[in-house]
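S.K.: Here you go, this is model11.txt (compact mmCIF, C-alpha atoms).
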# COMPACT_ATOMS: atom_id res chain seq x y z
CA MET A 1 8.28 -3.22 -39.49
CA ARG A 2 4.91 -4.53 -38.34
CA PHE A 3 4.12 -7.00 -35.62
CA ARG A 4 1.33 -9.46 -36.08
CA SER A 5 0.53 -9.57 -32.40
CA PRO A 6 -0.35 -6.44 -30.43
CA PHE A 7 1.22 -8.00 -27.33
CA GLU A 8 4.83 -8.60 -26.34
CA GLY A 9 6.35 -12.03 -26.18
CA ALA A 10 7.72 -12.78 -29.59
CA TRP A 11 9.30 -16.00 -28.40
CA ALA A 12 5.98 -17.81 -28.21
CA ASP A 13 5.15 -17.03 -31.83
CA PRO A 14 7.83 -17.70 -34.43
CA ASP A 15 5.81 -15.89 -37.12
CA ALA A 16 6.16 -12.60 -35.31
CA LEU A 17 9.96 -12.66 -35.27
CA LEU A 18 11.79 -10.00 -37.18
CA VAL A 19 14.34 -10.96 -39.80
CA ILE A 20 17.43 -8.80 -40.00
CA ARG A 21 18.66 -8.69 -43.58
CA THR A 22 22.32 -8.18 -42.83
CA GLY A 23 23.12 -8.15 -46.55
CA ASP A 24 22.64 -4.40 -46.73
CA TRP A 25 25.76 -3.86 -44.58
CA ARG A 26 27.92 -5.17 -47.36
CA LEU A 27 30.58 -3.12 -49.13
CA GLU A 28 32.09 -5.97 -51.11
CA ARG A 29 30.33 -8.95 -52.61
CA PRO A 30 31.84 -12.46 -52.84
CA VAL A 31 31.71 -13.71 -56.43
CA VAL A 32 32.32 -17.42 -57.00
CA ARG A 33 34.17 -18.49 -60.13
CA GLU A 34 32.29 -21.75 -60.51
CA ALA A 35 34.86 -23.44 -62.75
CA ARG A 36 37.55 -23.11 -60.09
CA CYS A 37 35.39 -24.23 -57.16
CA SER A 38 36.37 -27.71 -56.05
CA HIS A 39 33.32 -28.05 -53.79
CA CYS A 40 35.45 -28.63 -50.70
CA GLY A 41 33.13 -26.80 -48.32
CA LEU A 42 35.74 -24.81 -46.38
CA CYS A 43 33.96 -21.49 -47.03
CA TRP A 44 30.72 -23.08 -45.84
CA LEU A 45 32.42 -24.32 -42.69
CA TRP A 46 34.15 -21.05 -41.83
CA CYS A 47 31.49 -18.49 -42.74
CA PRO A 48 30.61 -16.77 -39.45
CA ASN A 49 27.23 -15.64 -40.82
CA ASN A 50 26.21 -19.06 -42.00
CA CYS A 51 25.28 -17.68 -45.39
CA ILE A 52 27.18 -19.97 -47.75
CA ARG A 53 24.78 -22.35 -49.48
CA ASP A 54 25.51 -25.55 -51.36
CA ARG A 55 24.44 -25.12 -55.00
CA GLY A 56 25.15 -28.69 -56.04
CA THR A 57 28.36 -28.22 -57.99
CA HIS A 58 29.70 -25.22 -56.11
CA PHE A 59 29.11 -23.13 -53.01
CA ALA A 60 27.84 -19.56 -53.20
CA ALA A 61 26.87 -16.91 -50.67
CA ASP A 62 23.27 -16.04 -49.87
CA LEU A 63 23.42 -12.31 -50.55
CA THR A 64 20.41 -11.59 -48.33
CA TYR A 65 22.59 -12.22 -45.30
CA CYS A 66 26.21 -11.96 -46.48
CA LYS A 67 27.93 -9.14 -44.58
CA GLY A 68 30.86 -9.10 -46.98
CA CYS A 69 33.67 -9.80 -44.51
CA GLY A 70 35.73 -11.62 -47.14
CA LEU A 71 36.67 -14.54 -44.91
CA CYS A 72 35.48 -17.04 -47.53
CA ALA A 73 37.70 -15.45 -50.18
CA ARG A 74 40.64 -15.69 -47.80
CA VAL A 75 40.17 -19.32 -46.77
CA CYS A 76 39.38 -20.66 -50.24
CA PRO A 77 42.30 -22.98 -51.19
CA ALA A 78 41.48 -22.73 -54.92
CA ALA A 79 41.07 -18.92 -54.87
CA ALA A 80 37.65 -19.39 -56.47
CA ILE A 81 36.03 -16.54 -54.53
CA VAL A 82 36.89 -12.93 -55.34
CA MET A 83 35.55 -9.86 -53.59
CA ARG A 84 33.95 -7.30 -55.93
CA GLU A 85 32.91 -3.86 -54.86
CA GLU A 86 29.16 -3.31 -54.58
CA ASP A 87 27.96 -0.80 -57.15
CA GLY A 88 25.53 0.80 -54.73
CA ALA A 89 22.42 -0.75 -56.24
CA MET B 1 16.80 -40.55 -2.02
CA ALA B 2 17.69 -43.97 -3.36
CA GLU B 3 16.16 -42.95 -6.67
CA THR B 4 18.44 -39.96 -6.94
CA THR B 5 21.55 -42.03 -6.61
CA THR B 6 20.45 -44.76 -9.00
CA PHE B 7 19.15 -42.42 -11.69
CA THR B 8 21.42 -42.80 -14.66
CA ASN B 9 23.69 -39.98 -15.62
CA ALA B 10 23.48 -40.80 -19.31
CA THR B 11 24.82 -38.48 -21.99
CA GLN B 12 24.39 -38.44 -25.73
CA ILE B 13 27.08 -40.45 -27.48
CA LEU B 14 28.48 -38.09 -30.09
CA GLU B 15 31.12 -39.65 -32.30
CA PRO B 16 33.83 -37.29 -33.58
CA PHE B 17 33.52 -35.94 -37.14
CA ARG B 18 36.20 -37.36 -39.42
CA GLY B 19 36.86 -34.56 -41.88
CA VAL B 20 34.95 -31.64 -43.33
CA LYS B 21 32.81 -33.83 -45.57
CA LYS B 22 31.44 -35.76 -42.59
CA VAL B 23 30.22 -32.68 -40.73
CA THR B 24 26.42 -32.56 -40.46
CA ILE B 25 24.77 -29.98 -42.69
CA GLU B 26 21.95 -28.99 -40.34
CA GLU B 27 22.36 -25.53 -38.84
CA TYR B 28 21.04 -24.67 -35.40
CA PHE B 29 22.42 -21.13 -35.40
CA THR B 30 21.19 -19.47 -38.57
CA SER B 31 21.94 -16.33 -40.57
CA GLY B 32 20.58 -12.90 -39.80
CA HIS B 33 22.38 -12.11 -36.56
CA ARG B 34 23.93 -8.72 -35.93
CA THR B 35 27.50 -9.63 -35.08
CA CYS B 36 30.29 -7.68 -36.75
CA GLN B 37 31.74 -8.64 -40.11
CA GLY B 38 34.17 -11.50 -39.68
CA CYS B 39 33.15 -12.23 -36.06
CA GLU B 40 34.81 -15.44 -34.96
CA SER B 41 32.68 -15.71 -31.83
CA ALA B 42 29.60 -16.13 -34.03
CA LEU B 43 31.48 -18.89 -35.80
CA VAL B 44 32.18 -20.53 -32.45
CA MET B 45 28.46 -20.44 -31.62
CA LYS B 46 27.58 -21.95 -34.99
CA LEU B 47 30.14 -24.75 -34.70
CA MET B 48 29.36 -25.40 -31.04
CA VAL B 49 25.66 -25.97 -31.60
CA LYS B 50 26.26 -27.81 -34.87
CA ALA B 51 28.49 -30.20 -32.93
CA ALA B 52 25.98 -30.57 -30.12
CA GLY B 53 23.00 -31.39 -32.34
CA PRO B 54 19.29 -30.75 -32.00
CA ARG B 55 18.67 -32.08 -28.48
CA THR B 56 20.44 -29.19 -26.83
CA ILE B 57 19.62 -26.29 -24.55
CA VAL B 58 21.88 -23.26 -24.86
CA LEU B 59 22.21 -20.69 -22.09
CA GLY B 60 23.90 -17.41 -22.83
CA SER B 61 25.25 -14.97 -20.32
CA THR B 62 25.42 -11.31 -21.26
CA GLY B 63 28.11 -10.49 -23.78
CA CYS B 64 28.54 -10.06 -27.50
CA MET B 65 26.89 -13.35 -28.31
CA TYR B 66 23.81 -12.43 -26.33
CA VAL B 67 23.42 -8.78 -27.28
CA ALA B 68 24.36 -8.90 -30.95
CA ASN B 69 22.53 -12.11 -31.72
CA THR B 70 19.27 -11.71 -29.88
CA THR B 71 18.20 -8.12 -30.08
CA TYR B 72 14.54 -7.60 -29.38
CA TYR B 73 12.20 -9.71 -31.50
CA THR B 74 14.99 -11.52 -33.28
CA THR B 75 16.92 -14.74 -32.71
CA PRO B 76 19.25 -16.88 -34.80
CA TRP B 77 18.93 -19.87 -32.45
CA VAL B 78 17.00 -22.90 -33.63
CA VAL B 79 17.55 -24.80 -30.39
CA PRO B 80 16.03 -23.56 -27.09
CA TRP B 81 18.00 -20.63 -25.83
CA MET B 82 17.84 -18.52 -22.68
CA HIS B 83 19.63 -15.42 -21.48
CA THR B 84 21.22 -15.47 -18.03
CA GLN B 85 22.86 -12.69 -16.09
CA LEU B 86 26.43 -11.61 -16.69
CA GLY B 87 28.18 -13.60 -14.00
CA SER B 88 25.86 -16.56 -13.80
CA SER B 89 26.62 -18.84 -16.73
CA GLY B 90 27.88 -21.50 -14.32
CA SER B 91 24.84 -21.27 -12.05
CA ALA B 92 22.48 -21.38 -15.02
CA ALA B 93 24.15 -24.48 -16.46
CA LEU B 94 24.01 -26.28 -13.12
CA GLY B 95 20.42 -25.23 -12.43
CA THR B 96 19.17 -26.26 -15.86
CA ALA B 97 20.92 -29.63 -15.69
CA ALA B 98 19.56 -30.24 -12.19
CA GLY B 99 16.07 -29.14 -13.20
CA LEU B 100 15.99 -31.44 -16.22
CA LYS B 101 17.20 -34.31 -14.10
CA ALA B 102 14.55 -33.71 -11.46
CA LEU B 103 11.76 -33.53 -14.05
CA MET B 104 12.92 -36.75 -15.65
CA ARG B 105 13.23 -38.52 -12.29
CA LYS B 106 9.69 -37.54 -11.36
CA GLY B 107 8.39 -38.70 -14.71
CA LYS B 108 7.16 -35.27 -15.79
CA MET B 109 9.34 -35.38 -18.85
CA LYS B 110 10.58 -38.13 -21.12
CA ALA B 111 13.89 -39.45 -19.79
CA GLU B 112 16.49 -38.77 -22.45
CA PRO B 113 19.93 -37.21 -22.45
CA ILE B 114 19.78 -33.51 -23.25
CA ASN B 115 22.92 -31.42 -23.74
CA VAL B 116 23.13 -28.31 -21.58
CA ILE B 117 25.62 -25.74 -22.85
CA ALA B 118 26.25 -22.40 -21.18
CA PHE B 119 28.47 -19.93 -22.98
CA CYS B 120 30.09 -16.89 -21.49
CA GLY B 121 32.44 -14.23 -22.75
CA ASP B 122 35.81 -13.56 -21.23
CA GLY B 123 34.35 -10.78 -19.09
CA GLY B 124 31.35 -12.80 -17.98
CA GLY B 125 33.32 -16.01 -17.55
CA ALA B 126 36.87 -15.21 -16.60
CA ASP B 127 36.24 -12.01 -14.64
CA MET B 128 32.80 -12.03 -13.06
CA GLY B 129 31.46 -15.53 -13.42
CA ILE B 130 34.57 -17.44 -12.41
CA GLY B 131 33.18 -18.29 -8.98
CA ALA B 132 29.97 -19.76 -10.39
CA ILE B 133 31.85 -21.70 -13.07
CA SER B 134 34.23 -23.04 -10.47
CA ALA B 135 31.30 -24.16 -8.31
CA THR B 136 29.62 -25.87 -11.27
CA LEU B 137 32.76 -27.81 -12.10
CA THR B 138 32.68 -29.44 -8.65
CA HIS B 139 29.19 -30.96 -9.15
CA LYS B 140 29.99 -34.19 -10.91
CA GLU B 141 26.41 -35.53 -11.02
CA TYR B 142 25.11 -32.94 -13.50
CA ASN B 143 26.07 -32.95 -17.16
CA SER B 144 26.82 -29.51 -18.50
CA LEU B 145 29.32 -27.80 -20.73
CA ILE B 146 30.58 -24.29 -20.13
CA LEU B 147 32.15 -22.70 -23.18
CA LEU B 148 34.16 -19.55 -22.69
CA TYR B 149 34.56 -17.57 -25.90
CA ASP B 150 37.51 -15.32 -25.34
CA ASN B 151 37.84 -12.24 -27.54
CA GLU B 152 40.21 -10.65 -25.01
CA SER B 153 38.11 -7.62 -24.05
CA TYR B 154 34.61 -6.49 -23.15
CA ALA B 155 33.96 -6.13 -26.87
CA ASN B 156 30.22 -5.61 -26.62
CA THR B 157 30.48 -2.38 -24.63
CA ASP B 158 33.28 -1.05 -26.82
CA ILE B 159 36.54 -2.79 -25.91
CA GLN B 160 37.30 -2.34 -22.23
CA ILE B 161 40.07 -4.24 -20.44
CA SER B 162 39.12 -7.65 -19.10
CA GLY B 163 41.23 -10.13 -17.18
CA MET B 164 41.97 -11.88 -20.46
CA THR B 165 43.33 -8.85 -22.33
CA PRO B 166 46.96 -9.51 -23.26
CA PHE B 167 49.87 -7.36 -22.15
CA GLY B 168 50.04 -3.87 -23.64
CA ALA B 169 46.94 -4.08 -25.83
CA HIS B 170 45.22 -0.86 -26.82
CA THR B 171 41.71 -0.79 -25.35
CA THR B 172 39.48 2.13 -24.42
CA PHE B 173 40.74 1.76 -20.83
CA SER B 174 44.38 1.57 -21.84
CA PRO B 175 45.05 3.97 -24.70
CA PRO B 176 48.77 4.31 -25.38
CA GLY B 177 50.09 7.85 -25.12
CA ARG B 178 53.29 9.79 -25.63
CA ALA B 179 54.19 9.91 -21.93
CA LYS B 180 53.30 6.30 -21.19
CA ARG B 181 53.31 3.74 -23.96
CA ILE B 182 52.17 0.58 -22.18
CA MET B 183 49.05 1.25 -20.15
CA HIS B 184 48.11 -2.38 -19.55
CA THR B 185 50.94 -4.19 -17.83
CA ARG B 186 49.15 -7.30 -16.57
CA TRP B 187 49.56 -10.67 -18.22
CA LYS B 188 46.58 -12.69 -19.42
CA LYS B 189 44.97 -15.25 -17.11
CA ASN B 190 45.47 -18.92 -17.83
CA MET B 191 41.82 -19.91 -17.63
CA ALA B 192 41.80 -23.46 -18.99
CA GLY B 193 44.90 -24.40 -16.99
CA MET B 194 43.32 -22.98 -13.85
CA MET B 195 40.09 -24.92 -14.38
CA ALA B 196 41.94 -28.15 -15.16
CA ALA B 197 44.35 -27.87 -12.24
CA GLY B 198 41.83 -26.94 -9.59
CA HIS B 199 38.78 -29.11 -10.21
CA PRO B 200 39.30 -32.81 -9.51
CA GLU B 201 35.68 -33.72 -10.40
CA CYS B 202 35.81 -32.05 -13.78
CA ARG B 203 36.63 -34.77 -16.28
CA TYR B 204 37.28 -32.72 -19.39
CA VAL B 205 38.85 -29.34 -20.01
CA ALA B 206 39.93 -28.27 -23.48
CA THR B 207 41.15 -25.23 -25.37
CA VAL B 208 39.92 -24.78 -28.92
CA CYS B 209 40.21 -22.28 -31.75
CA ALA B 210 37.57 -21.96 -34.47
CA SER B 211 40.30 -21.69 -37.11
CA TYR B 212 40.59 -25.45 -36.63
CA ALA B 213 36.88 -26.05 -37.00
CA VAL B 214 36.63 -29.83 -37.18
CA GLU B 215 38.97 -30.28 -34.23
CA MET B 216 36.95 -27.70 -32.34
CA MET B 217 33.66 -29.49 -32.98
CA ASN B 218 35.17 -32.80 -31.93
CA ARG B 219 36.28 -31.27 -28.62
CA VAL B 220 32.73 -30.05 -28.01
CA ARG B 221 31.34 -33.48 -28.86
CA ARG B 222 33.83 -35.18 -26.56
CA ALA B 223 32.97 -32.79 -23.72
CA LEU B 224 29.26 -33.53 -24.11
CA THR B 225 29.81 -37.28 -24.39
CA ILE B 226 32.05 -37.68 -21.35
CA GLY B 227 29.45 -36.33 -18.92
CA GLY B 228 29.70 -34.33 -15.75
CA PRO B 229 30.65 -30.66 -15.79
CA THR B 230 33.13 -29.79 -18.51
CA PHE B 231 34.87 -26.61 -19.60
CA ILE B 232 36.10 -25.39 -22.98
CA HIS B 233 38.10 -22.25 -23.60
CA SER B 234 38.00 -20.85 -27.13
CA LEU B 235 40.14 -18.03 -28.54
CA ASP B 236 38.19 -15.85 -30.98
CA PRO B 237 39.82 -13.11 -33.02
CA CYS B 238 37.65 -9.98 -32.88
CA PRO B 239 38.00 -7.56 -35.83
CA LYS B 240 36.63 -4.62 -33.88
CA GLY B 241 38.55 -5.12 -30.65
CA TRP B 242 41.81 -6.30 -32.16
CA ASP B 243 41.63 -3.75 -34.97
CA TYR B 244 42.36 -5.67 -38.17
CA ASP B 245 40.67 -6.33 -41.50
CA PRO B 246 37.74 -8.78 -40.97
CA MET B 247 39.01 -11.12 -43.67
CA LEU B 248 42.08 -11.94 -41.52
CA SER B 249 40.04 -13.51 -38.69
CA HIS B 250 40.86 -17.03 -39.71
CA GLU B 251 44.58 -16.39 -40.13
CA LEU B 252 44.96 -14.63 -36.79
CA GLY B 253 43.45 -17.66 -35.08
CA GLU B 254 45.96 -19.88 -36.84
CA LEU B 255 48.84 -17.51 -36.00
CA ALA B 256 47.91 -17.48 -32.31
CA ILE B 257 48.40 -21.24 -32.30
CA GLU B 258 51.52 -21.30 -34.48
CA THR B 259 53.30 -18.65 -32.42
CA GLY B 260 52.62 -20.70 -29.29
CA LEU B 261 50.68 -17.89 -27.67
CA PHE B 262 47.55 -19.97 -27.30
CA PRO B 263 48.13 -23.72 -26.90
CA LEU B 264 45.57 -26.29 -28.04
CA TYR B 265 45.20 -29.12 -25.57
CA GLU B 266 42.64 -31.23 -23.82
CA VAL B 267 42.82 -32.54 -20.27
CA GLU B 268 40.80 -35.72 -19.95
CA ASP B 269 40.76 -37.39 -16.52
CA GLY B 270 43.97 -35.58 -15.62
CA GLN B 271 45.81 -36.59 -18.81
CA VAL B 272 47.07 -33.70 -20.88
CA ARG B 273 46.93 -34.30 -24.62
CA TYR B 274 48.10 -31.68 -27.11
CA TYR B 275 46.55 -31.70 -30.55
CA GLY B 276 46.80 -29.96 -33.90
CA LYS B 277 49.64 -27.51 -34.50
CA THR B 278 50.40 -27.35 -30.77
CA LYS B 279 51.26 -31.05 -30.82
CA ALA B 280 53.80 -30.34 -33.55
CA ILE B 281 55.31 -27.54 -31.45
CA VAL B 282 55.60 -29.82 -28.41
CA GLU B 283 57.25 -32.44 -30.60
CA GLY B 284 59.92 -29.96 -31.62
CA ARG B 285 58.64 -27.85 -34.49
CA ALA B 286 59.79 -24.23 -34.28
CA ARG B 287 57.29 -21.64 -33.09
CA LYS B 288 56.73 -18.61 -35.30
CA PRO B 289 57.90 -15.32 -33.74
CA VAL B 290 55.07 -13.56 -31.90
CA ARG B 291 55.70 -10.34 -33.83
CA GLU B 292 54.01 -11.90 -36.87
CA TYR B 293 50.86 -12.23 -34.81
CA LEU B 294 51.12 -8.97 -32.88
CA LEU B 295 51.95 -6.61 -35.73
CA LYS B 296 48.94 -7.72 -37.78
CA GLN B 297 46.72 -6.14 -35.13
CA GLY B 298 46.10 -2.45 -34.60
CA ARG B 299 45.85 -2.87 -30.83
CA PHE B 300 49.60 -3.63 -30.72
CA ALA B 301 50.59 -0.97 -33.26
CA HIS B 302 52.33 1.12 -30.56
CA PHE B 303 54.70 -1.72 -29.62
CA THR B 304 58.43 -1.04 -29.92
CA GLU B 305 61.13 -3.68 -30.37
CA GLU B 306 61.59 -3.72 -26.61
CA ASP B 307 57.94 -4.64 -26.02
CA LEU B 308 58.00 -7.29 -28.73
CA ALA B 309 61.10 -8.82 -27.13
CA TYR B 310 59.41 -8.83 -23.71
CA PHE B 311 56.34 -10.53 -25.18
CA GLN B 312 58.50 -13.12 -26.90
CA ARG B 313 60.41 -13.79 -23.66
CA LYS B 314 57.18 -14.40 -21.76
CA VAL B 315 55.95 -16.84 -24.41
CA ASP B 316 59.31 -18.61 -24.50
CA ALA B 317 59.21 -18.98 -20.72
CA MET B 318 55.76 -20.52 -21.02
CA TRP B 319 57.12 -23.27 -23.27
CA GLN B 320 60.56 -23.78 -21.74
CA THR B 321 60.23 -23.47 -17.98
CA TRP B 322 56.74 -24.65 -17.18
CA GLU B 323 56.36 -28.16 -15.77
CA ILE B 324 53.75 -29.03 -18.42
CA PRO B 325 54.56 -26.64 -21.27
CA ALA B 326 51.91 -23.98 -21.85
CA VAL B 327 49.38 -25.64 -19.52
CA VAL B 328 50.25 -25.04 -15.87
CA PRO B 329 52.83 -22.47 -14.77
CA PHE B 330 54.71 -24.58 -12.22
CA LYS B 331 58.44 -24.85 -12.49
CA ARG B 332 60.19 -28.19 -12.53
CA LEU B 333 61.25 -29.60 -9.19
CA ASP B 334 64.87 -30.21 -10.20
CA ALA B 335 65.12 -26.63 -11.45
CA THR B 336 63.79 -25.42 -8.09
CA LYS B 337 66.26 -27.62 -6.21
CA SER B 338 69.21 -26.39 -8.20
CA ALA B 339 68.06 -22.82 -7.71
CA LEU B 340 67.90 -23.43 -3.94
CA GLY B 341 71.31 -25.04 -3.97
CA ALA B 342 72.80 -22.11 -5.83
CA THR B 343 71.74 -19.56 -3.23
What is this file in structure tokens?
M.R.:
Amino acid sequence: MRFRSPFEGAWADPDALLVIRTGDWRLERPVVREARCSHCGLCWLWCPNNCIRDRGTHFAADLTYCKGCGLCARVCPAAAIVMREEDGA
Amino acid sequence: MAETTTFTNATQILEPFRGVKKVTIEEYFTSGHRTCQGCESALVMKLMVKAAGPRTIVLGSTGCMYVANTTYYTTPWVVPWMHTQLGSSGSAALGTAAGLKALMRKGKMKAEPINVIAFCGDGGGADMGIGAISATLTHKEYNSLILLYDNESYANTDIQISGMTPFGAHTTFSPPGRAKRIMHTRWKKNMAGMMAAGHPECRYVATVCASYAVEMMNRVRRALTIGGPTFIHSLDPCPKGWDYDPMLSHELGELAIETGLFPLYEVEDGQVRYYGKTKAIVEGRARKPVREYLLKQGRFAHFTEEDLAYFQRKVDAMWQTWEIPAVVPFKRLDATKSALGAT
């Protein structure tokens, strides 16, 4: 963690902001079965971390930020998202 | 002074979203914030600012959504955001709206409608900040929205009792024990009803739940369009405070509505309008038993049948005896008369 500016006041300089990669909190990873995804967007709408991205034909989680809560798997009407355990990598 | 009175009180005209597909894709509350897994309050922030759009100023009083989101050197907010003190969300909203208006009147800033939203938690809003919010709702010449996100405890400082904690819940201030099972015997405040009943200048009060996301965003858009001070109360399931698996957040929000525990309504110019599942309940659909909602949560795990029955009785009374069901707790006049006649 290094700051570009030696002074405080991060708010004036967006480059100096830290990015918290919340993905490393995750115990389970959402895996999208693309064939079943109907592209309805409910997981995108209800993801509290804002990490579901539109991939054109289906939605998938951005694993840099996904905290692995499993809400998307629960709200998916087509059951296209399954939670798989992280293998510790 | 003539200028002050003639200055227009314009607001942005935000049309309601018609369906999930019509929701805008731009995000003004991005990833990388440190809220818990499955935090519904973070979802409320995301939907609130998505509904409000880019020309918005957000003011946050101390609480989960301030501390977890904006730790030092980080921020998920794309729109301008400022922290205010714990009890001062109302004052901050009023001051910002008044300041913007003054700058525009003096020509120091381009005159355009800017949304001012202040959010507060249930501790900051319903316990400490209620005086400031109440004062803000009497100033009809300033456009601001106060959004209370209610996770039913001081969740940020590790789940202490607030005025919005429901009866009997297990918090760090009310741990159930062998000698005394129910340590919290007070009933939850009726915040939206109180704000709607007591503020004649406030044109719009609504209750929302993020489990009904499109409806929720449309309520925010309506509140910002109608102008003047407005108030929205949102119920947010909290996995840490309510003690359940984070993936159930969405369902617990839905169950709170379907059991009738938390009604969804909007009060616009004194007219109460129920919407969503609450409308179906008012029109005669059966409410689910509250035990379905309560027993999914660890904070009610110590409840016995007796407590569940008491809880159900209180909720039934809310729907059956109140003058406007689930909104204001006044009894009907004829019921009062007959009660007087009986004695």
S.K.: Using only C-alpha atoms, determine which residues of chain A fall within 7 Å of chain B; present them as a PyMOL selection string.
M.R.: chain A and resi 10+17-22+46-51+65+67-71+74
S.K.: Could you tell me how far CA of Ala223 (chain B) lies from CA of Tyr154 (chain B), in Å and to one decimal?
M.R.: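 About the pair CA of Ala223 (chain B) and CA of Tyr154 (chain B): they are 26.4 Å apart.
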S.K.: From the options B:Met65, B:Val49, B:Leu224, B:Leu294, which residue's atoms come nearest to Asp150 (chain B), counting only C-alpha atoms?
M.R.: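 Comparing B:Met65, B:Val49, B:Leu224, B:Leu294 against Asp150 (chain B), the winner is B:Met65.
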S.K.: For CA of Asn143 (chain B) and CA of Leu45 (chain A), quote the distance in Å rounded to one decimal.
M.R.: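 So the answer is 27.7 Å.
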S.K.: Have a look at CA of Ser89 (chain B) and CA of Thr225 (chain B) and let me know their distance in Å, one decimal.
M.R.: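 Taking CA of Ser89 (chain B) and CA of Thr225 (chain B), their separation equals 20.2 Å.
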